[in-house]
Amino acid sequence: MIEIGYALSSEEHSAADLVRHAELAEKAGFGFALISDHYHPWLDRQGHSPFVWDVIGAISQRTEKLVLGTGVTCPTVRMHPAIVAQAAATAATLMPGRFFLGLGTGEALNEHIVGEHWPPADVRLQMLEEAMEVLRLLWQGGEQSHYGEFFVVENARVYDLPDEPVPLLVAASGQKAAELAGRAADGLISTAPKKELVDQFKRAGSRRGRPRYGQMTVSWAKSQRAAIDTALEWWPTAALHGELSQELPLPAHFEQAAKDVTAEQIKKQITCGPRIEPIRAKIDEFADAGFSHVYLHQVGPDQQGFIDFCAEQLLPTLQGKTSRR
């Protein structure tokens, strides 16, 4: 069965609104959600970027069944993996059996703010792998030390640990990250229905049944024109390609890069409009590529309308839908 979840976009909404959206998503029938972990929004227009761990704590107390993961945390530059280990362990004790940690190599947008060198992509991947080793070491309990190529941990102990280890998922947009996810992680996260990533993930690791999460960006509105206009206003960066999203350091740079994005470009990248059929067709693309979970990112302010649409029209049509594995 392919499972459908909801994206909590920290770049577009305040902490209080994110908590309210999580409550609404749970009541609407979404089984899980992923929340973005940013220091800056992509664009100043989006206007928000609350500290994700505070928001997760609040969501833990306002929901009962919703599974929540970070989508995704970079545990290498802005935050040392020892701090992430403590934060994630605490979150998991507040949400027993319903929290996971999504990890990625990060973006300069969020990580450069501490003044450290922004490494090239291959080095960032090596740093992520070592960070995962640190996380798992500290989650073993007891006093631990680590002296690695990128990180040092001295006499650290995470006292509050969940009964079960926190699942680690890795985000991948390319083959090398998918290989790391398959070899060393408990699941995969991606933002496009690329079968080759899922295949690489499976080849790199023999454990069966590991989840594969795909993020699908949509702009639901009462007309297609309104949906396209909303996407252009709030999420024009969807049309940017290549390494820009990892390398540009400021929202102003993303605004410059996206200023000439057109409606036609947006329509190719974001599923826009009021109809169920295009959304279901895109979900089918993820299922055909081998994803087990799809979480829907509604751009713009109308989260209530989108959640109501999902509860009343979309989710009932997807019950019993099988993932094409």
# chains A, B, ... in the order shown; residues from 1 in each chain; ligands from 1

call {"tool": "closest_atom_pairs", "arguments": {"of": "range 155-203 of chain A", "to": "range 90-102 of chain A", "cutoff": "10 Å", "atoms": "only C-alpha atoms", "output": "CSV"}}
result
residue,atom,partner,partner_atom,distance
A:Val158,CA,A:Thr90,CA,9.2
A:Tyr159,CA,A:Thr90,CA,9.4
A:Asp160,CA,A:Thr90,CA,6.3
A:Leu161,CA,A:Thr93,CA,6.6
A:Pro162,CA,A:Thr93,CA,4.9
A:Asp163,CA,A:Pro96,CA,7.9
A:Glu164,CA,A:Gly97,CA,7.6
A:Pro165,CA,A:Ala92,CA,8.7
A:Val166,CA,A:Phe100,CA,5.7
A:Pro167,CA,A:Phe100,CA,5.0
A:Leu168,CA,A:Leu101,CA,5.1
A:Leu169,CA,A:Gly102,CA,4.6
A:Val170,CA,A:Gly102,CA,5.7
A:Ala171,CA,A:Gly102,CA,6.9
A:Ala185,CA,A:Gly102,CA,9.6
A:Asp186,CA,A:Phe100,CA,9.6
A:Gly187,CA,A:Gly102,CA,8.7
A:Leu188,CA,A:Gly102,CA,8.5
A:Ile189,CA,A:Gly102,CA,7.5

call {"tool": "write_last_selection", "arguments": {"atoms": "N, CA, C and O atoms", "output": "compact mmCIF listing (two decimals), in the first residue's frame"}}
result
# COMPACT_ATOMS: atom_id res chain seq x y z
N VAL A 158 23.96 10.89 26.09
CA VAL A 158 22.56 11.29 25.93
C VAL A 158 21.76 10.50 26.96
O VAL A 158 21.62 9.28 26.85
N TYR A 159 21.26 11.18 27.97
CA TYR A 159 20.60 10.50 29.08
C TYR A 159 19.18 10.07 28.74
O TYR A 159 18.72 9.01 29.19
N ASP A 160 18.45 10.90 28.01
CA ASP A 160 17.05 10.59 27.69
C ASP A 160 16.99 9.95 26.32
O ASP A 160 17.08 10.63 25.29
N LEU A 161 16.81 8.63 26.30
CA LEU A 161 16.78 7.87 25.06
C LEU A 161 15.43 7.17 24.91
O LEU A 161 14.85 6.73 25.90
N PRO A 162 14.94 7.05 23.68
CA PRO A 162 13.70 6.28 23.47
C PRO A 162 13.96 4.79 23.65
O PRO A 162 15.10 4.33 23.65
N ASP A 163 12.89 4.03 23.81
CA ASP A 163 13.03 2.58 23.98
C ASP A 163 13.61 1.92 22.74
O ASP A 163 14.33 0.92 22.85
N GLU A 164 13.28 2.46 21.55
CA GLU A 164 13.80 1.93 20.30
C GLU A 164 14.64 2.99 19.61
O GLU A 164 14.36 4.18 19.72
N PRO A 165 15.69 2.59 18.89
CA PRO A 165 16.52 3.57 18.19
C PRO A 165 15.70 4.41 17.21
O PRO A 165 14.74 3.93 16.62
N VAL A 166 16.09 5.65 17.05
CA VAL A 166 15.41 6.54 16.10
C VAL A 166 15.76 6.10 14.68
O VAL A 166 16.93 5.99 14.34
N PRO A 167 14.77 5.84 13.83
CA PRO A 167 15.08 5.51 12.43
C PRO A 167 15.78 6.67 11.73
O PRO A 167 15.37 7.82 11.89
N LEU A 168 16.81 6.36 10.96
CA LEU A 168 17.55 7.35 10.19
C LEU A 168 17.24 7.16 8.71
O LEU A 168 17.47 6.08 8.16
N LEU A 169 16.73 8.20 8.07
CA LEU A 169 16.49 8.18 6.64
C LEU A 169 17.39 9.22 5.98
O LEU A 169 17.73 10.23 6.59
N VAL A 170 17.80 8.96 4.75
CA VAL A 170 18.70 9.86 4.04
C VAL A 170 18.02 10.37 2.78
O VAL A 170 17.44 9.59 2.01
N ALA A 171 18.12 11.69 2.56
CA ALA A 171 17.58 12.30 1.35
C ALA A 171 18.58 12.18 0.22
O ALA A 171 19.79 12.37 0.42
N ALA A 185 21.37 3.63 5.85
CA ALA A 185 20.18 4.26 6.45
C ALA A 185 19.03 3.28 6.54
O ALA A 185 19.06 2.17 5.99
N ASP A 186 17.99 3.73 7.22
CA ASP A 186 16.78 2.93 7.41
C ASP A 186 15.70 3.28 6.40
O ASP A 186 14.60 2.70 6.45
N GLY A 187 15.98 4.21 5.50
CA GLY A 187 15.00 4.57 4.49
C GLY A 187 15.54 5.68 3.61
O GLY A 187 16.62 6.23 3.83
N LEU A 188 14.76 6.02 2.59
CA LEU A 188 15.14 6.98 1.55
C LEU A 188 14.10 8.10 1.48
O LEU A 188 12.91 7.85 1.65
N ILE A 189 14.57 9.32 1.21
CA ILE A 189 13.70 10.46 0.96
C ILE A 189 14.15 11.11 -0.34
O ILE A 189 15.36 11.26 -0.57

call {"tool": "closest_atom_pairs", "arguments": {"of": "range 38-69 of chain A", "to": "range 254-278 of chain A", "cutoff": "9 Å", "atoms": "only C-alpha atoms", "output": "JSON lines"}}
result
{"residue": "A:Trp42", "atom": "CA", "partner": "A:Phe254", "partner_atom": "CA", "distance": 6.5}
{"residue": "A:Leu43", "atom": "CA", "partner": "A:Glu255", "partner_atom": "CA", "distance": 6.1}
{"residue": "A:Asp44", "atom": "CA", "partner": "A:Glu255", "partner_atom": "CA", "distance": 8.1}

call {"tool": "residues_around", "arguments": {"residues": "Pro75 in chain A", "least_positions_apart": "4", "cutoff": "9 Å", "atoms": "only C-alpha atoms", "output": "PyMOL selection string"}}
result
chain A and resi 79-85+103-106+127-128+131-132

call {"tool": "write_last_selection", "arguments": {"atoms": "N, CA, C and O atoms", "output": "mmCIF file, in the first residue's frame"}}
result
data_model
loop_
_atom_site.group_PDB
_atom_site.id
_atom_site.type_symbol
_atom_site.label_atom_id
_atom_site.label_comp_id
_atom_site.auth_asym_id
_atom_site.auth_seq_id
_atom_site.Cartn_x
_atom_site.Cartn_y
_atom_site.Cartn_z
ATOM 1 N N MET A 79 24.649 22.450 12.847
ATOM 2 C CA MET A 79 24.435 21.720 14.093
ATOM 3 C C MET A 79 25.343 20.495 14.127
ATOM 4 O O MET A 79 25.309 19.662 13.219
ATOM 5 N N HIS A 80 26.129 20.391 15.178
ATOM 6 C CA HIS A 80 27.012 19.245 15.382
ATOM 7 C C HIS A 80 26.161 17.993 15.570
ATOM 8 O O HIS A 80 25.089 18.045 16.184
ATOM 9 N N PRO A 81 26.601 16.840 15.057
ATOM 10 C CA PRO A 81 25.780 15.632 15.198
ATOM 11 C C PRO A 81 25.493 15.238 16.641
ATOM 12 O O PRO A 81 24.462 14.604 16.910
ATOM 13 N N ALA A 82 26.360 15.611 17.586
ATOM 14 C CA ALA A 82 26.071 15.294 18.984
ATOM 15 C C ALA A 82 24.848 16.051 19.483
ATOM 16 O O ALA A 82 24.068 15.534 20.298
ATOM 17 N N ILE A 83 24.646 17.272 18.995
ATOM 18 C CA ILE A 83 23.472 18.057 19.380
ATOM 19 C C ILE A 83 22.226 17.499 18.704
ATOM 20 O O ILE A 83 21.160 17.390 19.323
ATOM 21 N N VAL A 84 22.359 17.117 17.448
ATOM 22 C CA VAL A 84 21.225 16.501 16.743
ATOM 23 C C VAL A 84 20.829 15.189 17.410
ATOM 24 O O VAL A 84 19.640 14.868 17.530
ATOM 25 N N ALA A 85 21.818 14.436 17.875
ATOM 26 C CA ALA A 85 21.525 13.167 18.556
ATOM 27 C C ALA A 85 20.662 13.398 19.788
ATOM 28 O O ALA A 85 19.695 12.657 20.040
ATOM 29 N N LEU A 103 17.724 12.906 7.174
ATOM 30 C CA LEU A 103 19.017 13.577 7.097
ATOM 31 C C LEU A 103 19.372 13.918 5.663
ATOM 32 O O LEU A 103 18.996 13.199 4.734
ATOM 33 N N GLY A 104 20.137 14.994 5.493
ATOM 34 C CA GLY A 104 20.623 15.354 4.170
ATOM 35 C C GLY A 104 21.933 16.107 4.285
ATOM 36 O O GLY A 104 22.387 16.450 5.387
ATOM 37 N N THR A 105 22.548 16.375 3.141
ATOM 38 C CA THR A 105 23.840 17.055 3.128
ATOM 39 C C THR A 105 23.711 18.570 3.221
ATOM 40 O O THR A 105 24.712 19.263 3.329
ATOM 41 N N GLY A 106 22.488 19.100 3.164
ATOM 42 C CA GLY A 106 22.256 20.487 3.468
ATOM 43 C C GLY A 106 22.407 21.443 2.302
ATOM 44 O O GLY A 106 22.744 21.054 1.178
ATOM 45 N N MET A 127 30.878 13.701 5.253
ATOM 46 C CA MET A 127 30.544 14.252 6.564
ATOM 47 C C MET A 127 29.228 13.679 7.079
ATOM 48 O O MET A 127 29.100 13.352 8.266
ATOM 49 N N LEU A 128 28.251 13.547 6.189
ATOM 50 C CA LEU A 128 26.959 12.984 6.591
ATOM 51 C C LEU A 128 27.119 11.555 7.071
ATOM 52 O O LEU A 128 26.540 11.163 8.095
ATOM 53 N N ALA A 131 28.584 11.627 10.468
ATOM 54 C CA ALA A 131 27.585 12.124 11.411
ATOM 55 C C ALA A 131 26.607 11.022 11.808
ATOM 56 O O ALA A 131 26.195 10.932 12.979
ATOM 57 N N MET A 132 26.225 10.180 10.856
ATOM 58 C CA MET A 132 25.334 9.067 11.169
ATOM 59 C C MET A 132 25.993 8.103 12.149
ATOM 60 O O MET A 132 25.331 7.554 13.045
#

call {"tool": "residues_around", "arguments": {"residues": "Glu26 in chain A", "least_positions_apart": "4", "cutoff": "8 Å", "atoms": "only C-alpha atoms", "output": "PyMOL selection string"}}
result
chain A and resi 22+30-32+63+65-66

call {"tool": "select_by_dssp", "arguments": {"residues": "range 184-302 of chain A", "states": "helix (DSSP H, G or I)", "output": "ChimeraX atom specification"}}
result
/A:184,195-204,224-234,236-239,244-247,251-258,263-269,276-289

call {"tool": "atom_distance", "arguments": {"atom1": "CA of Ala156 in chain A", "atom2": "CA of Pro120 in chain A"}}
result
29.0 Å

call {"tool": "select_by_dssp", "arguments": {"residues": "range 17-256 of chain A", "states": "strand (DSSP E or B)", "output": "VMD selection string"}}
result
chain A and resid 32 to 35 67 to 70 73 99 to 103 144 to 147 152 to 156 168 to 171 187 to 190 212 to 219

call {"tool": "write_last_selection", "arguments": {"atoms": "C-alpha atoms", "output": "PDB file, in the first residue's frame"}}
result
ATOM      1  CA  PHE A  32       2.423  10.919   8.654  1.00  0.00           C
ATOM      2  CA  ALA A  33       4.086  14.258   8.020  1.00  0.00           C
ATOM      3  CA  LEU A  34       7.563  15.584   7.329  1.00  0.00           C
ATOM      4  CA  ILE A  35       8.690  18.993   8.541  1.00  0.00           C
ATOM      5  CA  VAL A  67       4.095   9.959  12.586  1.00  0.00           C
ATOM      6  CA  LEU A  68       6.540  12.838  12.146  1.00  0.00           C
ATOM      7  CA  GLY A  69       9.967  13.092  10.564  1.00  0.00           C
ATOM      8  CA  THR A  70      12.347  15.878   9.673  1.00  0.00           C
ATOM      9  CA  THR A  73      18.029  17.871   8.958  1.00  0.00           C
ATOM     10  CA  PHE A  99       9.290  10.003  15.139  1.00  0.00           C
ATOM     11  CA  PHE A 100      12.069   9.524  12.589  1.00  0.00           C
ATOM     12  CA  LEU A 101      15.078  11.607  11.619  1.00  0.00           C
ATOM     13  CA  GLY A 102      15.465  12.517   7.966  1.00  0.00           C
ATOM     14  CA  LEU A 103      19.017  13.577   7.097  1.00  0.00           C
ATOM     15  CA  GLN A 144      30.868   7.947  24.415  1.00  0.00           C
ATOM     16  CA  SER A 145      33.772   9.553  22.576  1.00  0.00           C
ATOM     17  CA  HIS A 146      34.495   9.815  18.869  1.00  0.00           C
ATOM     18  CA  TYR A 147      37.572  11.147  17.079  1.00  0.00           C
ATOM     19  CA  VAL A 152      35.046  15.104  17.679  1.00  0.00           C
ATOM     20  CA  VAL A 153      32.842  13.994  20.565  1.00  0.00           C
ATOM     21  CA  GLU A 154      34.335  13.834  24.052  1.00  0.00           C
ATOM     22  CA  ASN A 155      32.744  12.082  27.021  1.00  0.00           C
ATOM     23  CA  ALA A 156      29.194  12.705  25.826  1.00  0.00           C
ATOM     24  CA  LEU A 168      17.547   7.349  10.186  1.00  0.00           C
ATOM     25  CA  LEU A 169      16.487   8.185   6.639  1.00  0.00           C
ATOM     26  CA  VAL A 170      18.700   9.861   4.043  1.00  0.00           C
ATOM     27  CA  ALA A 171      17.583  12.302   1.353  1.00  0.00           C
ATOM     28  CA  GLY A 187      14.999   4.574   4.494  1.00  0.00           C
ATOM     29  CA  LEU A 188      15.135   6.983   1.553  1.00  0.00           C
ATOM     30  CA  ILE A 189      13.699  10.457   0.955  1.00  0.00           C
ATOM     31  CA  SER A 190      13.566  12.207  -2.412  1.00  0.00           C
ATOM     32  CA  ARG A 212      10.949   5.251   0.439  1.00  0.00           C
ATOM     33  CA  TYR A 213       9.431   8.707   0.893  1.00  0.00           C
ATOM     34  CA  GLY A 214       8.738  11.002  -2.053  1.00  0.00           C
ATOM     35  CA  GLN A 215       7.840  14.669  -1.658  1.00  0.00           C
ATOM     36  CA  MET A 216       5.266  15.912  -4.140  1.00  0.00           C
ATOM     37  CA  THR A 217       4.684  19.656  -4.463  1.00  0.00           C
ATOM     38  CA  VAL A 218       1.178  20.777  -5.369  1.00  0.00           C
ATOM     39  CA  SER A 219      -0.687  24.052  -5.645  1.00  0.00           C
TER      40      SER A 219
END

call {"tool": "atom_distance", "arguments": {"atom1": "CA of Ile2 in chain A", "atom2": "CA of Gly29 in chain A"}}
result
14.1 Å

call {"tool": "atom_distance", "arguments": {"atom1": "CA of Ser10 in chain A", "atom2": "CA of Pro251 in chain A"}}
result
14.4 Å

call {"tool": "residues_around", "arguments": {"residues": "Val299 in chain A", "least_positions_apart": "3", "cutoff": "10 Å", "atoms": "only C-alpha atoms", "output": "PDB file with N, CA and C atoms, in the first residue's frame"}}
result
ATOM      1  N   ALA A   7       3.192  17.598   4.099  1.00  0.00           N
ATOM      2  CA  ALA A   7       4.432  18.331   4.316  1.00  0.00           C
ATOM      3  C   ALA A   7       4.162  19.593   5.124  1.00  0.00           C
ATOM      4  N   SER A   9       5.679  22.929   5.909  1.00  0.00           N
ATOM      5  CA  SER A   9       6.682  23.793   5.281  1.00  0.00           C
ATOM      6  C   SER A   9       7.079  24.913   6.236  1.00  0.00           C
ATOM      7  N   GLU A  12       7.262  28.666   5.065  1.00  0.00           N
ATOM      8  CA  GLU A  12       6.074  29.442   4.700  1.00  0.00           C
ATOM      9  C   GLU A  12       5.145  29.735   5.865  1.00  0.00           C
ATOM     10  N   GLN A  46       8.393  34.184   1.554  1.00  0.00           N
ATOM     11  CA  GLN A  46       7.848  33.091   2.368  1.00  0.00           C
ATOM     12  C   GLN A  46       7.798  33.473   3.840  1.00  0.00           C
ATOM     13  N   THR A 217       5.137  18.282  -4.655  1.00  0.00           N
ATOM     14  CA  THR A 217       4.684  19.656  -4.463  1.00  0.00           C
ATOM     15  C   THR A 217       3.450  19.924  -5.314  1.00  0.00           C
ATOM     16  N   VAL A 218       2.433  20.478  -4.684  1.00  0.00           N
ATOM     17  CA  VAL A 218       1.178  20.777  -5.369  1.00  0.00           C
ATOM     18  C   VAL A 218       0.765  22.208  -5.046  1.00  0.00           C
ATOM     19  N   SER A 219      -0.045  22.764  -5.919  1.00  0.00           N
ATOM     20  CA  SER A 219      -0.687  24.052  -5.645  1.00  0.00           C
ATOM     21  C   SER A 219      -2.169  23.869  -5.936  1.00  0.00           C
ATOM     22  N   TRP A 220      -2.916  23.527  -4.894  1.00  0.00           N
ATOM     23  CA  TRP A 220      -4.362  23.344  -5.028  1.00  0.00           C
ATOM     24  C   TRP A 220      -5.046  24.696  -4.832  1.00  0.00           C
ATOM     25  N   ALA A 227      -4.155  28.672  -8.890  1.00  0.00           N
ATOM     26  CA  ALA A 227      -3.126  27.748  -8.403  1.00  0.00           C
ATOM     27  C   ALA A 227      -1.759  28.089  -8.983  1.00  0.00           C
ATOM     28  N   THR A 230      -0.434  31.281  -7.407  1.00  0.00           N
ATOM     29  CA  THR A 230       0.054  31.015  -6.055  1.00  0.00           C
ATOM     30  C   THR A 230       1.434  30.368  -6.089  1.00  0.00           C
ATOM     31  N   ALA A 231       1.607  29.393  -6.987  1.00  0.00           N
ATOM     32  CA  ALA A 231       2.897  28.717  -7.097  1.00  0.00           C
ATOM     33  C   ALA A 231       3.993  29.677  -7.538  1.00  0.00           C
ATOM     34  N   LEU A 232       3.669  30.551  -8.474  1.00  0.00           N
ATOM     35  CA  LEU A 232       4.653  31.542  -8.929  1.00  0.00           C
ATOM     36  C   LEU A 232       5.032  32.510  -7.815  1.00  0.00           C
ATOM     37  N   GLU A 233       4.077  32.844  -6.981  1.00  0.00           N
ATOM     38  CA  GLU A 233       4.340  33.801  -5.907  1.00  0.00           C
ATOM     39  C   GLU A 233       5.145  33.183  -4.776  1.00  0.00           C
ATOM     40  N   TRP A 234       4.777  31.946  -4.391  1.00  0.00           N
ATOM     41  CA  TRP A 234       5.334  31.368  -3.182  1.00  0.00           C
ATOM     42  C   TRP A 234       6.449  30.347  -3.428  1.00  0.00           C
ATOM     43  N   TRP A 235       6.490  29.710  -4.604  1.00  0.00           N
ATOM     44  CA  TRP A 235       7.441  28.616  -4.797  1.00  0.00           C
ATOM     45  C   TRP A 235       8.033  28.603  -6.209  1.00  0.00           C
ATOM     46  N   ILE A 270       5.174  21.754 -10.767  1.00  0.00           N
ATOM     47  CA  ILE A 270       4.219  21.695  -9.665  1.00  0.00           C
ATOM     48  C   ILE A 270       2.852  21.317 -10.218  1.00  0.00           C
ATOM     49  N   CYS A 272      -0.719  21.775 -10.450  1.00  0.00           N
ATOM     50  CA  CYS A 272      -1.539  22.950 -10.131  1.00  0.00           C
ATOM     51  C   CYS A 272      -3.004  22.720 -10.499  1.00  0.00           C
ATOM     52  N   LEU A 296       2.541  15.274   0.560  1.00  0.00           N
ATOM     53  CA  LEU A 296       2.071  16.356  -0.293  1.00  0.00           C
ATOM     54  C   LEU A 296       2.412  17.707   0.315  1.00  0.00           C
ATOM     55  N   ASP A 302      -3.107  28.745   1.789  1.00  0.00           N
ATOM     56  CA  ASP A 302      -4.388  28.052   1.981  1.00  0.00           C
ATOM     57  C   ASP A 302      -4.190  26.584   2.339  1.00  0.00           C
ATOM     58  N   GLN A 303      -3.674  26.345   3.523  1.00  0.00           N
ATOM     59  CA  GLN A 303      -3.497  24.968   3.985  1.00  0.00           C
ATOM     60  C   GLN A 303      -4.829  24.354   4.418  1.00  0.00           C
ATOM     61  N   PHE A 306      -6.735  23.107   1.364  1.00  0.00           N
ATOM     62  CA  PHE A 306      -6.117  21.914   0.805  1.00  0.00           C
ATOM     63  C   PHE A 306      -6.369  20.691   1.683  1.00  0.00           C
TER      64      PHE A 306
END

call {"tool": "residues_around", "arguments": {"residues": "Arg183 in chain A", "least_positions_apart": "6", "cutoff": "12 Å", "atoms": "only C-alpha atoms", "output": "list of chain:residue names"}}
result
A:Glu129, A:Met132, A:Leu168, A:Leu169, A:Val170, A:Lys176, A:Ala177, A:Gln200, A:Phe201, A:Lys202, A:Arg203, A:Ala204, A:Gly205, A:Ser206, A:Arg207, A:Arg210

call {"tool": "residues_around", "arguments": {"residues": "Leu24 in chain A", "least_positions_apart": "3", "cutoff": "8 Å", "atoms": "only C-alpha atoms", "output": "PDB file with all heavy atoms, in the first residue's frame"}}
result
ATOM      1  N   ARG A  20      -0.764  23.850  14.290  1.00  0.00           N
ATOM      2  CA  ARG A  20      -2.190  23.749  13.921  1.00  0.00           C
ATOM      3  C   ARG A  20      -2.366  22.910  12.662  1.00  0.00           C
ATOM      4  O   ARG A  20      -3.276  22.084  12.579  1.00  0.00           O
ATOM      5  CB  ARG A  20      -2.765  25.150  13.714  1.00  0.00           C
ATOM      6  CG  ARG A  20      -4.249  25.181  13.372  1.00  0.00           C
ATOM      7  CD  ARG A  20      -4.771  26.602  13.373  1.00  0.00           C
ATOM      8  NE  ARG A  20      -4.102  27.431  12.380  1.00  0.00           N
ATOM      9  CZ  ARG A  20      -4.482  27.514  11.102  1.00  0.00           C
ATOM     10  NH1 ARG A  20      -5.514  26.808  10.664  1.00  0.00           N
ATOM     11  NH2 ARG A  20      -3.836  28.301  10.260  1.00  0.00           N
ATOM     12  N   HIS A  21      -1.482  23.085  11.676  1.00  0.00           N
ATOM     13  CA  HIS A  21      -1.579  22.285  10.452  1.00  0.00           C
ATOM     14  C   HIS A  21      -1.367  20.801  10.737  1.00  0.00           C
ATOM     15  O   HIS A  21      -2.015  19.947  10.124  1.00  0.00           O
ATOM     16  CB  HIS A  21      -0.553  22.776   9.421  1.00  0.00           C
ATOM     17  CG  HIS A  21      -0.778  24.180   8.976  1.00  0.00           C
ATOM     18  ND1 HIS A  21       0.208  24.942   8.373  1.00  0.00           N
ATOM     19  CD2 HIS A  21      -1.878  24.990   9.045  1.00  0.00           C
ATOM     20  CE1 HIS A  21      -0.264  26.146   8.098  1.00  0.00           C
ATOM     21  NE2 HIS A  21      -1.523  26.193   8.490  1.00  0.00           N
ATOM     22  N   LYS A  27      -6.317  14.939  11.848  1.00  0.00           N
ATOM     23  CA  LYS A  27      -7.773  14.786  11.847  1.00  0.00           C
ATOM     24  C   LYS A  27      -8.299  14.462  10.453  1.00  0.00           C
ATOM     25  O   LYS A  27      -9.316  13.771  10.309  1.00  0.00           O
ATOM     26  CB  LYS A  27      -8.423  16.067  12.375  1.00  0.00           C
ATOM     27  CG  LYS A  27      -8.193  16.295  13.860  1.00  0.00           C
ATOM     28  CD  LYS A  27      -8.781  17.615  14.321  1.00  0.00           C
ATOM     29  CE  LYS A  27      -8.498  17.865  15.791  1.00  0.00           C
ATOM     30  NZ  LYS A  27      -8.996  19.189  16.252  1.00  0.00           N
ATOM     31  N   ALA A  28      -7.621  14.959   9.427  1.00  0.00           N
ATOM     32  CA  ALA A  28      -8.065  14.723   8.050  1.00  0.00           C
ATOM     33  C   ALA A  28      -7.782  13.301   7.575  1.00  0.00           C
ATOM     34  O   ALA A  28      -8.338  12.872   6.560  1.00  0.00           O
ATOM     35  CB  ALA A  28      -7.380  15.706   7.107  1.00  0.00           C
ATOM     36  N   GLN A 304      -5.685  25.158   5.033  1.00  0.00           N
ATOM     37  CA  GLN A 304      -6.985  24.652   5.469  1.00  0.00           C
ATOM     38  C   GLN A 304      -7.799  24.137   4.279  1.00  0.00           C
ATOM     39  O   GLN A 304      -8.359  23.028   4.328  1.00  0.00           O
ATOM     40  CB  GLN A 304      -7.766  25.750   6.186  1.00  0.00           C
ATOM     41  CG  GLN A 304      -9.167  25.348   6.630  1.00  0.00           C
ATOM     42  CD  GLN A 304      -9.176  24.482   7.862  1.00  0.00           C
ATOM     43  OE1 GLN A 304      -8.830  24.953   8.934  1.00  0.00           O
ATOM     44  NE2 GLN A 304      -9.562  23.221   7.727  1.00  0.00           N
ATOM     45  N   ILE A 307      -6.229  20.846   2.984  1.00  0.00           N
ATOM     46  CA  ILE A 307      -6.458  19.718   3.892  1.00  0.00           C
ATOM     47  C   ILE A 307      -7.912  19.263   3.814  1.00  0.00           C
ATOM     48  O   ILE A 307      -8.206  18.055   3.798  1.00  0.00           O
ATOM     49  CB  ILE A 307      -6.052  20.101   5.333  1.00  0.00           C
ATOM     50  CG1 ILE A 307      -4.522  20.236   5.413  1.00  0.00           C
ATOM     51  CG2 ILE A 307      -6.540  19.049   6.331  1.00  0.00           C
ATOM     52  CD1 ILE A 307      -4.020  20.796   6.732  1.00  0.00           C
TER      53      ILE A 307
END
